[in-house]
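Engineer: One file: protein12.csv (CSV, C-alpha atoms and all ligand atoms).
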chain,number,residue,atom,x,y,z
A,189,MET,CA,19.9,35.2,-37.5
A,190,SER,CA,16.6,36.7,-38.5
A,191,ALA,CA,17.4,39.8,-36.4
A,192,GLY,CA,17.2,42.0,-39.4
A,193,PRO,CA,17.2,45.8,-39.5
A,194,THR,CA,13.6,45.9,-38.3
A,195,ALA,CA,14.7,44.4,-35.0
A,196,THR,CA,17.1,47.2,-34.3
A,197,GLY,CA,16.5,50.0,-31.8
A,198,PRO,CA,17.2,50.3,-28.1
A,199,GLY,CA,16.4,47.2,-26.2
A,200,SER,CA,15.5,45.1,-29.3
A,201,ARG,CA,18.8,44.1,-30.8
A,202,GLY,CA,20.0,40.6,-31.3
A,203,PRO,CA,22.9,38.8,-29.7
A,204,SER,CA,26.3,40.4,-29.9
A,205,VAL,CA,28.3,39.9,-33.0
A,206,VAL,CA,31.3,41.9,-32.1
A,207,ASP,CA,32.8,42.6,-28.6
A,208,VAL,CA,35.7,45.0,-28.4
A,209,GLU,CA,37.0,45.0,-24.8
A,210,HIS,CA,39.5,47.5,-23.4
A,211,VAL,CA,41.4,47.4,-26.7
A,212,GLY,CA,44.6,49.3,-27.2
A,213,LYS,CA,46.8,49.4,-30.2
A,214,THR,CA,50.3,50.8,-30.3
A,215,PHE,CA,52.5,50.8,-33.4
A,216,GLY,CA,56.2,50.6,-32.6
A,217,ASP,CA,57.9,50.3,-29.2
A,218,GLY,CA,59.1,52.6,-26.4
A,219,PRO,CA,58.9,56.3,-26.5
A,220,ASP,CA,58.6,56.2,-30.3
A,221,GLY,CA,55.5,54.0,-30.1
A,222,LEU,CA,52.4,55.5,-31.6
A,223,VAL,CA,49.3,54.9,-29.6
A,224,ALA,CA,46.7,54.5,-32.4
A,225,LEU,CA,43.9,53.3,-30.1
A,226,GLU,CA,43.4,53.5,-26.4
A,227,ASP,CA,40.9,51.7,-24.2
A,228,VAL,CA,38.2,51.1,-26.8
A,229,ASP,CA,35.1,49.3,-25.7
A,230,LEU,CA,32.3,48.5,-28.2
A,231,THR,CA,29.6,45.9,-28.4
A,232,ILE,CA,27.8,45.5,-31.7
A,233,GLU,CA,24.7,43.4,-32.0
A,234,ALA,CA,23.2,41.3,-34.8
A,235,GLY,CA,21.5,43.4,-37.5
A,236,GLU,CA,23.1,46.7,-36.6
A,237,PHE,CA,24.6,49.1,-39.0
A,238,ILE,CA,27.5,50.9,-37.3
A,239,SER,CA,29.5,53.7,-38.7
A,240,LEU,CA,32.9,54.7,-37.4
A,241,ILE,CA,33.6,58.4,-37.9
A,242,GLY,CA,36.5,60.7,-36.8
A,243,PRO,CA,39.4,62.8,-38.1
A,244,SER,CA,42.0,61.2,-40.3
A,245,GLY,CA,44.4,59.1,-38.3
A,246,CYS,CA,42.1,58.6,-35.3
A,247,GLY,CA,42.3,54.8,-35.8
A,248,LYS,CA,39.1,54.0,-37.7
A,249,SER,CA,40.8,51.6,-40.1
A,250,THR,CA,42.9,50.2,-37.3
A,251,LEU,CA,39.7,49.4,-35.3
A,252,LEU,CA,38.1,47.8,-38.3
A,253,ARG,CA,41.3,45.8,-39.0
A,254,LEU,CA,41.4,44.6,-35.4
A,255,ILE,CA,37.8,43.3,-35.7
A,256,GLY,CA,38.8,41.6,-39.0
A,257,ASP,CA,42.0,40.2,-37.5
A,258,LEU,CA,44.2,41.9,-40.1
A,259,THR,CA,46.2,43.2,-37.1
A,260,SER,CA,46.2,42.2,-33.5
A,261,PRO,CA,45.5,44.3,-30.4
A,262,SER,CA,48.4,45.4,-28.1
A,263,SER,CA,46.0,45.1,-25.1
A,264,GLY,CA,42.4,43.9,-24.6
A,265,ALA,CA,40.5,41.5,-26.7
A,266,VAL,CA,38.3,41.3,-29.8
A,267,THR,CA,35.5,38.7,-30.0
A,268,VAL,CA,33.5,38.0,-33.2
A,269,ASN,CA,30.4,35.8,-32.9
A,270,GLY,CA,31.7,34.7,-29.5
A,271,LYS,CA,35.1,33.6,-30.8
A,272,PRO,CA,38.5,35.2,-30.9
A,273,ALA,CA,38.7,37.4,-34.1
A,274,ARG,CA,41.4,35.0,-35.5
A,275,GLU,CA,39.1,32.0,-35.3
A,276,ALA,CA,36.2,34.0,-36.9
A,277,ARG,CA,38.5,35.0,-39.7
A,278,LEU,CA,39.7,31.5,-40.4
A,279,GLY,CA,36.0,30.4,-40.3
A,280,ARG,CA,35.3,33.2,-42.9
A,281,GLU,CA,32.6,34.7,-40.8
A,282,TYR,CA,33.0,38.1,-42.3
A,283,GLY,CA,33.5,39.8,-45.6
A,284,MET,CA,35.5,43.0,-46.3
A,285,VAL,CA,35.1,45.8,-48.7
A,286,PHE,CA,37.8,48.5,-49.1
A,287,GLN,CA,38.0,51.9,-50.8
A,288,ALA,CA,39.6,50.4,-53.9
A,289,PRO,CA,37.6,47.4,-55.0
A,290,VAL,CA,40.6,45.1,-55.6
A,291,LEU,CA,39.0,43.2,-58.5
A,292,MET,CA,41.0,40.9,-60.8
A,293,ASP,CA,40.8,42.4,-64.3
A,294,TRP,CA,41.6,39.2,-66.0
A,295,ARG,CA,38.6,37.4,-64.5
A,296,THR,CA,35.0,38.1,-65.5
A,297,VAL,CA,32.7,39.8,-63.0
A,298,GLN,CA,31.1,36.5,-62.3
A,299,LYS,CA,34.5,34.8,-61.7
A,300,ASN,CA,35.5,37.6,-59.4
A,301,VAL,CA,32.4,37.0,-57.2
A,302,GLU,CA,33.1,33.2,-57.3
A,303,LEU,CA,36.6,33.6,-56.1
A,304,PRO,CA,36.0,33.3,-52.3
A,305,LEU,CA,33.7,30.4,-53.0
A,306,GLU,CA,36.4,28.7,-55.0
A,307,LEU,CA,38.8,29.2,-52.1
A,308,MET,CA,36.2,27.7,-49.8
A,309,GLY,CA,35.8,24.6,-52.0
A,310,PHE,CA,32.2,25.2,-53.3
A,311,ASP,CA,31.5,23.1,-56.3
A,312,LYS,CA,31.0,24.7,-59.7
A,313,ALA,CA,27.2,24.6,-59.8
A,314,ALA,CA,26.9,26.0,-56.3
A,315,ARG,CA,29.5,28.8,-57.1
A,316,ASP,CA,27.7,29.7,-60.2
A,317,GLU,CA,24.3,29.9,-58.6
A,318,ARG,CA,25.5,31.8,-55.6
A,319,ALA,CA,27.5,34.3,-57.7
A,320,ARG,CA,24.5,34.9,-60.0
A,321,SER,CA,22.2,35.6,-57.1
A,322,MET,CA,24.7,38.0,-55.5
A,323,LEU,CA,25.1,39.9,-58.8
A,324,ASP,CA,21.3,40.1,-59.0
A,325,LEU,CA,21.3,41.5,-55.5
A,326,VAL,CA,23.6,44.3,-56.4
A,327,GLU,CA,21.6,44.8,-59.7
A,328,LEU,CA,24.5,43.6,-62.0
A,329,GLY,CA,22.8,40.5,-63.2
A,330,ASP,CA,23.5,41.3,-66.8
A,331,PHE,CA,27.2,42.0,-66.3
A,332,GLY,CA,28.5,38.6,-65.2
A,333,GLN,CA,30.4,38.1,-68.4
A,334,THR,CA,32.0,41.5,-68.6
A,335,HIS,CA,35.4,42.4,-67.1
A,336,PRO,CA,35.9,44.8,-64.2
A,337,TRP,CA,37.7,47.4,-66.3
A,338,GLN,CA,34.6,47.7,-68.5
A,339,LEU,CA,32.5,48.9,-65.5
A,340,SER,CA,32.2,52.3,-63.8
A,341,GLY,CA,33.7,52.9,-60.3
A,342,GLY,CA,30.3,52.5,-58.6
A,343,MET,CA,29.6,49.3,-60.5
A,344,GLN,CA,33.0,47.9,-59.6
A,345,GLN,CA,32.3,48.7,-55.9
A,346,ARG,CA,29.0,46.8,-56.3
A,347,VAL,CA,30.9,43.8,-57.6
A,348,ALA,CA,33.2,44.0,-54.5
A,349,ILE,CA,30.1,44.0,-52.3
A,350,ALA,CA,28.6,41.0,-54.1
A,351,ARG,CA,31.9,39.2,-53.7
A,352,ALA,CA,32.1,40.0,-50.0
A,353,LEU,CA,28.5,38.8,-49.5
A,354,ALA,CA,29.0,35.6,-51.6
A,355,PHE,CA,29.6,33.3,-48.7
A,356,ASP,CA,26.8,34.8,-46.6
A,357,PRO,CA,28.9,36.3,-43.9
A,358,LYS,CA,27.2,37.4,-40.7
A,359,LEU,CA,29.4,40.5,-40.6
A,360,LEU,CA,30.5,42.9,-43.3
A,361,LEU,CA,33.4,45.3,-42.7
A,362,MET,CA,33.6,48.3,-45.0
A,363,ASP,CA,36.4,50.8,-45.0
A,364,GLU,CA,35.4,54.0,-46.8
A,365,PRO,CA,33.9,51.9,-49.7
A,366,PHE,CA,32.4,54.9,-51.4
A,367,GLY,CA,35.2,57.4,-50.6
A,368,ALA,CA,36.4,57.5,-54.2
A,369,LEU,CA,33.0,58.0,-55.8
A,370,ASP,CA,31.4,61.3,-56.9
A,371,GLU,CA,28.6,62.7,-54.7
A,372,MET,CA,25.7,61.5,-56.8
A,373,THR,CA,27.0,58.0,-57.2
A,374,ARG,CA,27.7,57.9,-53.5
A,375,GLU,CA,24.2,58.7,-52.6
A,376,ARG,CA,22.9,56.1,-55.0
A,377,MET,CA,25.3,53.5,-53.5
A,378,ASN,CA,24.0,54.5,-50.0
A,379,LEU,CA,20.5,53.6,-51.1
A,380,GLU,CA,21.7,50.4,-52.7
A,381,LEU,CA,23.6,49.4,-49.5
A,382,MET,CA,20.5,50.1,-47.4
A,383,ARG,CA,18.4,47.8,-49.6
A,384,ILE,CA,21.1,45.1,-49.4
A,385,TRP,CA,21.3,45.4,-45.7
A,386,ARG,CA,17.6,45.1,-45.3
A,387,LYS,CA,17.5,42.1,-47.6
A,388,THR,CA,20.4,40.2,-46.0
A,389,GLY,CA,20.2,41.2,-42.4
A,390,THR,CA,24.0,41.3,-42.3
A,391,THR,CA,25.6,43.3,-39.5
A,392,ILE,CA,27.7,46.1,-41.1
A,393,ILE,CA,30.6,48.1,-39.7
A,394,PHE,CA,31.3,51.0,-42.0
A,395,VAL,CA,34.1,53.5,-41.9
A,396,THR,CA,33.4,56.9,-43.4
A,397,HIS,CA,34.6,60.6,-43.3
A,398,SER,CA,31.1,61.8,-44.3
A,399,ILE,CA,28.7,62.9,-41.5
A,400,PRO,CA,25.6,62.8,-43.8
A,401,GLU,CA,26.5,59.3,-45.0
A,402,ALA,CA,27.1,58.0,-41.5
A,403,VAL,CA,23.7,59.4,-40.3
A,404,PHE,CA,21.8,58.2,-43.3
A,405,LEU,CA,23.1,54.6,-43.1
A,406,SER,CA,23.5,53.9,-39.5
A,407,THR,CA,21.6,52.6,-36.5
A,408,ARG,CA,24.5,54.0,-34.4
A,409,VAL,CA,27.3,56.3,-35.2
A,410,VAL,CA,30.5,55.8,-33.3
A,411,VAL,CA,32.4,59.1,-33.0
A,412,MET,CA,36.2,58.9,-32.5
A,413,SER,CA,38.9,61.3,-31.5
A,414,ALA,CA,42.6,61.3,-32.5
A,415,ARG,CA,45.7,60.9,-30.5
A,416,PRO,CA,45.1,58.6,-28.9
A,417,GLY,CA,42.2,57.2,-30.8
A,418,ARG,CA,39.2,56.8,-28.5
A,419,ILE,CA,35.5,56.5,-28.8
A,420,THR,CA,34.2,59.8,-27.5
A,421,ARG,CA,30.5,59.4,-28.2
A,422,ILE,CA,28.0,57.0,-29.6
A,423,VAL,CA,25.0,58.5,-31.3
A,424,GLU,CA,21.8,56.4,-31.7
A,425,VAL,CA,20.2,57.3,-35.0
A,426,ASP,CA,16.5,56.7,-34.5
A,427,LEU,CA,15.4,57.6,-38.0
A,428,PRO,CA,12.6,55.4,-39.4
A,429,GLN,CA,13.5,52.3,-41.5
A,430,PRO,CA,13.6,51.9,-44.4
A,431,ARG,CA,15.8,54.8,-45.1
A,432,THR,CA,14.9,56.4,-48.5
A,433,VAL,CA,15.5,59.6,-50.4
A,434,GLU,CA,13.0,61.3,-48.1
A,435,THR,CA,15.0,60.4,-45.1
A,436,ARG,CA,17.5,63.1,-46.0
A,437,GLU,CA,14.7,65.7,-45.8
A,438,LEU,CA,13.5,64.9,-42.3
A,439,GLU,CA,14.1,67.5,-39.6
A,440,ARG,CA,15.3,64.7,-37.3
A,441,TYR,CA,17.9,63.8,-39.9
A,442,PHE,CA,19.4,67.3,-39.7
A,443,GLU,CA,19.3,67.1,-36.0
A,444,HIS,CA,21.4,63.9,-36.0
A,445,VAL,CA,23.8,65.5,-38.5
A,446,THR,CA,24.3,68.4,-36.1
A,447,THR,CA,24.7,66.1,-33.1
A,448,VAL,CA,27.5,64.1,-34.9
A,449,ARG,CA,29.2,67.3,-36.2
A,450,GLU,CA,29.2,68.8,-32.7
A,451,ALA,CA,30.5,65.6,-31.2
A,452,LEU,CA,33.4,65.6,-33.7
A,453,ARG,CA,34.1,69.3,-33.2
A,454,ARG,CA,34.4,68.9,-29.4
A,455,HIS,CA,37.4,66.8,-29.9
A,456,GLU,CA,39.0,68.6,-32.7
A,457,SER,CA,41.8,70.2,-30.7
A,458,GLY,CA,45.3,69.0,-31.6
A,459,GLU,CA,44.2,67.8,-35.0
A,460,GLY,CA,46.6,69.1,-37.6
A,461,GLY,CA,47.5,67.7,-40.9
A,462,PRO,CA,48.7,64.1,-41.5
A,463,ASP,CA,51.6,63.1,-39.3
A,464,PRO,CA,54.8,61.6,-40.8
A,465,SER,CA,53.7,58.0,-40.2
A,466,GLU,CA,50.4,58.8,-42.0
A,467,ILE,CA,52.2,60.2,-45.0
A,468,LEU,CA,54.4,57.1,-45.1
A,469,GLN,CA,51.3,54.9,-44.9
A,470,ILE,CA,49.5,56.9,-47.6
A,471,ARG,CA,52.6,56.4,-49.9
A,472,ALA,CA,52.7,52.7,-49.0
A,473,GLU,CA,49.1,52.4,-50.1
A,474,GLY,CA,49.9,54.1,-53.3
A,475,LEU,CA,47.4,56.9,-52.6
A,476,ALA,CA,50.0,59.7,-53.1
B,1,LIG,P1,42.1,56.4,-39.8
B,1,LIG,O1,41.6,55.2,-40.6
B,1,LIG,O2,41.2,56.8,-38.8
B,1,LIG,O3,42.5,57.5,-40.8
B,1,LIG,P2,44.3,54.6,-39.1
B,1,LIG,O4,43.6,53.6,-38.3
B,1,LIG,O5,44.7,54.3,-40.5
B,1,LIG,O6,43.4,56.0,-39.0
B,1,LIG,O7,45.6,55.1,-38.3
B,1,LIG,C1,45.7,55.5,-37.0
B,1,LIG,C2,47.1,55.9,-36.6
B,1,LIG,O8,47.9,54.7,-36.6
B,1,LIG,C3,47.7,56.9,-37.6
B,1,LIG,O9,48.5,57.8,-36.9
B,1,LIG,C4,48.5,56.0,-38.5
B,1,LIG,O10,49.6,56.7,-39.1
B,1,LIG,C5,49.0,54.9,-37.6
B,1,LIG,N1,49.1,53.6,-38.3
B,1,LIG,C6,48.2,52.9,-38.9
B,1,LIG,N2,48.7,51.7,-39.4
B,1,LIG,C7,50.0,51.7,-39.1
B,1,LIG,C8,51.1,50.8,-39.3
B,1,LIG,N3,50.9,49.7,-39.9
B,1,LIG,N4,52.3,51.1,-38.8
B,1,LIG,C9,52.5,52.3,-38.1
B,1,LIG,N5,51.5,53.2,-37.9
B,1,LIG,C10,50.3,52.9,-38.3
B,2,MG,MG,41.4,54.8,-42.6
Using structure tokens, write down the structure that the file contains.

Structural biologist:
Amino acid sequence: MSAGPTATGPGSRGPSVVDVEHVGKTFGDGPDGLVALEDVDLTIEAGEFISLIGPSGCGKSTLLRLIGDLTSPSSGAVTVNGKPAREARLGREYGMVFQAPVLMDWRTVQKNVELPLELMGFDKAARDERARSMLDLVELGDFGQTHPWQLSGGMQQRVAIARALAFDPKLLLMDEPFGALDEMTRERMNLELMRIWRKTGTTIIFVTHSIPEAVFLSTRVVVMSARPGRITRIVEVDLPQPRTVETRELERYFEHVTTVREALRRHESGEGGPDPSEILQIRAEGLA
């Protein structure tokens, strides 16, 4: 449990938190079936920060949702903390943060963070204390009594992170959490997330489109290709910890950015615009 970020690096990781074994996912049946993921194998160890990167539609969100048991695999198996993903979800062993923070506008910030604790049956005093300390962690200690709509996008996303961490999950699943933020806010959120990760030691799986973001944050970057979605390369990011503003100026940082970019480019062929099922999905999610 104490296998924090300082314990990362080849050969010095903790026990495995996530095991994805020969996982495939097909949406629909027969010849019309869409193979979203094929033969994916991935082991993630305690204290790691893993980014999933790849072209739109390559199955990043699907892989994250399989790990979070929001969908089930067509083949293979997903294990979280040594248990089937379903059991881990029911045991609330992970928190999730999405691109849109999904906060309840009629609840105060404090009450939003308390929500999962209410669902888990924590008493009032314990909820209050835990929510306060999580808001302090994301540096929103003075905003507990405000409402989400009074906050900026970056602050709202910090509330979502505080809520996801409220019940002290061993694993945090994040699907493009900063995708809707402007570049400067995003860089600040990256630093903030690094600080939180160091402090909590939580294992994080993070989906992003941004190569610099993936390199800056991660201990390993998982590069995926589309149609069918596969893991094509895993890049170990051996940049020193803690990652700071100076990290982005290191020569080694640029080398890693280039490595990831080239790994992505190598599998670019066949990647056009969004396919019809993606457009339907985008509409269903209200993004267009
Ligand atoms: P990414 O997050 O990498 O952009 P997704 O995991 O969302 O990709 O999607 C991978 C593929 O699976 C896409 O072609 C997408 O249209 C398809 N897909 C995802 N979810 C569904 C679903 N619920 N039903 C049908 N197709 C889906
Ligand atoms: Mg996605």

Engineer: With a distance cut-off of 10 Å and all atoms listed in the file, select the neighbouring residues of segment 219-232 of chain A, excluding the residue or stretch itself and same-chain residues fewer than 5 positions from it, and output the selection as a CSV table (one decimal) with C-alpha atoms, keeping the file's coordinate frame.

Structural biologist:
chain,number,residue,atom,x,y,z
A,201,ARG,CA,18.8,44.1,-30.8
A,202,GLY,CA,20.0,40.6,-31.3
A,203,PRO,CA,22.9,38.8,-29.7
A,204,SER,CA,26.3,40.4,-29.9
A,205,VAL,CA,28.3,39.9,-33.0
A,206,VAL,CA,31.3,41.9,-32.1
A,207,ASP,CA,32.8,42.6,-28.6
A,208,VAL,CA,35.7,45.0,-28.4
A,209,GLU,CA,37.0,45.0,-24.8
A,210,HIS,CA,39.5,47.5,-23.4
A,211,VAL,CA,41.4,47.4,-26.7
A,212,GLY,CA,44.6,49.3,-27.2
A,213,LYS,CA,46.8,49.4,-30.2
A,214,THR,CA,50.3,50.8,-30.3
A,237,PHE,CA,24.6,49.1,-39.0
A,238,ILE,CA,27.5,50.9,-37.3
A,245,GLY,CA,44.4,59.1,-38.3
A,246,CYS,CA,42.1,58.6,-35.3
A,247,GLY,CA,42.3,54.8,-35.8
A,248,LYS,CA,39.1,54.0,-37.7
A,250,THR,CA,42.9,50.2,-37.3
A,251,LEU,CA,39.7,49.4,-35.3
A,261,PRO,CA,45.5,44.3,-30.4
A,262,SER,CA,48.4,45.4,-28.1
A,263,SER,CA,46.0,45.1,-25.1
A,264,GLY,CA,42.4,43.9,-24.6
A,265,ALA,CA,40.5,41.5,-26.7
A,266,VAL,CA,38.3,41.3,-29.8
A,267,THR,CA,35.5,38.7,-30.0
A,268,VAL,CA,33.5,38.0,-33.2
A,391,THR,CA,25.6,43.3,-39.5
A,392,ILE,CA,27.7,46.1,-41.1
A,393,ILE,CA,30.6,48.1,-39.7
A,408,ARG,CA,24.5,54.0,-34.4
A,410,VAL,CA,30.5,55.8,-33.3
A,412,MET,CA,36.2,58.9,-32.5
A,413,SER,CA,38.9,61.3,-31.5
A,414,ALA,CA,42.6,61.3,-32.5
A,415,ARG,CA,45.7,60.9,-30.5
A,416,PRO,CA,45.1,58.6,-28.9
A,417,GLY,CA,42.2,57.2,-30.8
A,418,ARG,CA,39.2,56.8,-28.5
A,419,ILE,CA,35.5,56.5,-28.8
A,420,THR,CA,34.2,59.8,-27.5
A,422,ILE,CA,28.0,57.0,-29.6
A,465,SER,CA,53.7,58.0,-40.2

Engineer: I'd like the contact shell of Val411 of chain A - 8 Å cut-off, only C-alpha atoms, skipping same-chain residues fewer than 4 positions apart - returned as a list in words.

Structural biologist: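 Within the cut-off, the hits are Leu240, Ile241, Gly242, Ile419, Thr420, Arg421, Ile422, Val423, Val448, Ala451 and Leu452 of chain A.
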
Engineer: Write out as a list in words which residues come within 6 Å of segment 270-283 of chain A when counting all atoms listed in the file, dropping same-chain ones fewer than 6 positions away.

Structural biologist: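 Using all atoms listed in the file, the neighbours found are Asp257, Ala352, Pro357, Leu359 and Leu360 of chain A.
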
Engineer: For ligand MG 2 (chain B), which of A:Gly256, A:Pro304, A:Gly332, A:Pro365 is the closest residue, counting only C-alpha atoms and all ligand atoms?

Structural biologist: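 Counting only C-alpha atoms and all ligand atoms, the residue closest to ligand MG 2 (chain B) is A:Pro365.
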
Engineer: Find, counting only C-alpha atoms and all ligand atoms, the residue in A:Thr396, A:Ser239, A:Gln344, A:Ser249 that gets nearest to ligand MG 2 (chain B).

Structural biologist: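 Among A:Thr396, A:Ser239, A:Gln344, A:Ser249, it is A:Ser249 that comes nearest to ligand MG 2 (chain B).
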
Engineer: For a quick check of understanding, using only C-alpha atoms and all ligand atoms, which of A:Pro243, A:Gly389, A:Gly341, A:Gly329 has the smallest distance to ligand MG 2 (chain B)?

Structural biologist: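 Under the stated criterion, the closest residue is A:Pro243.
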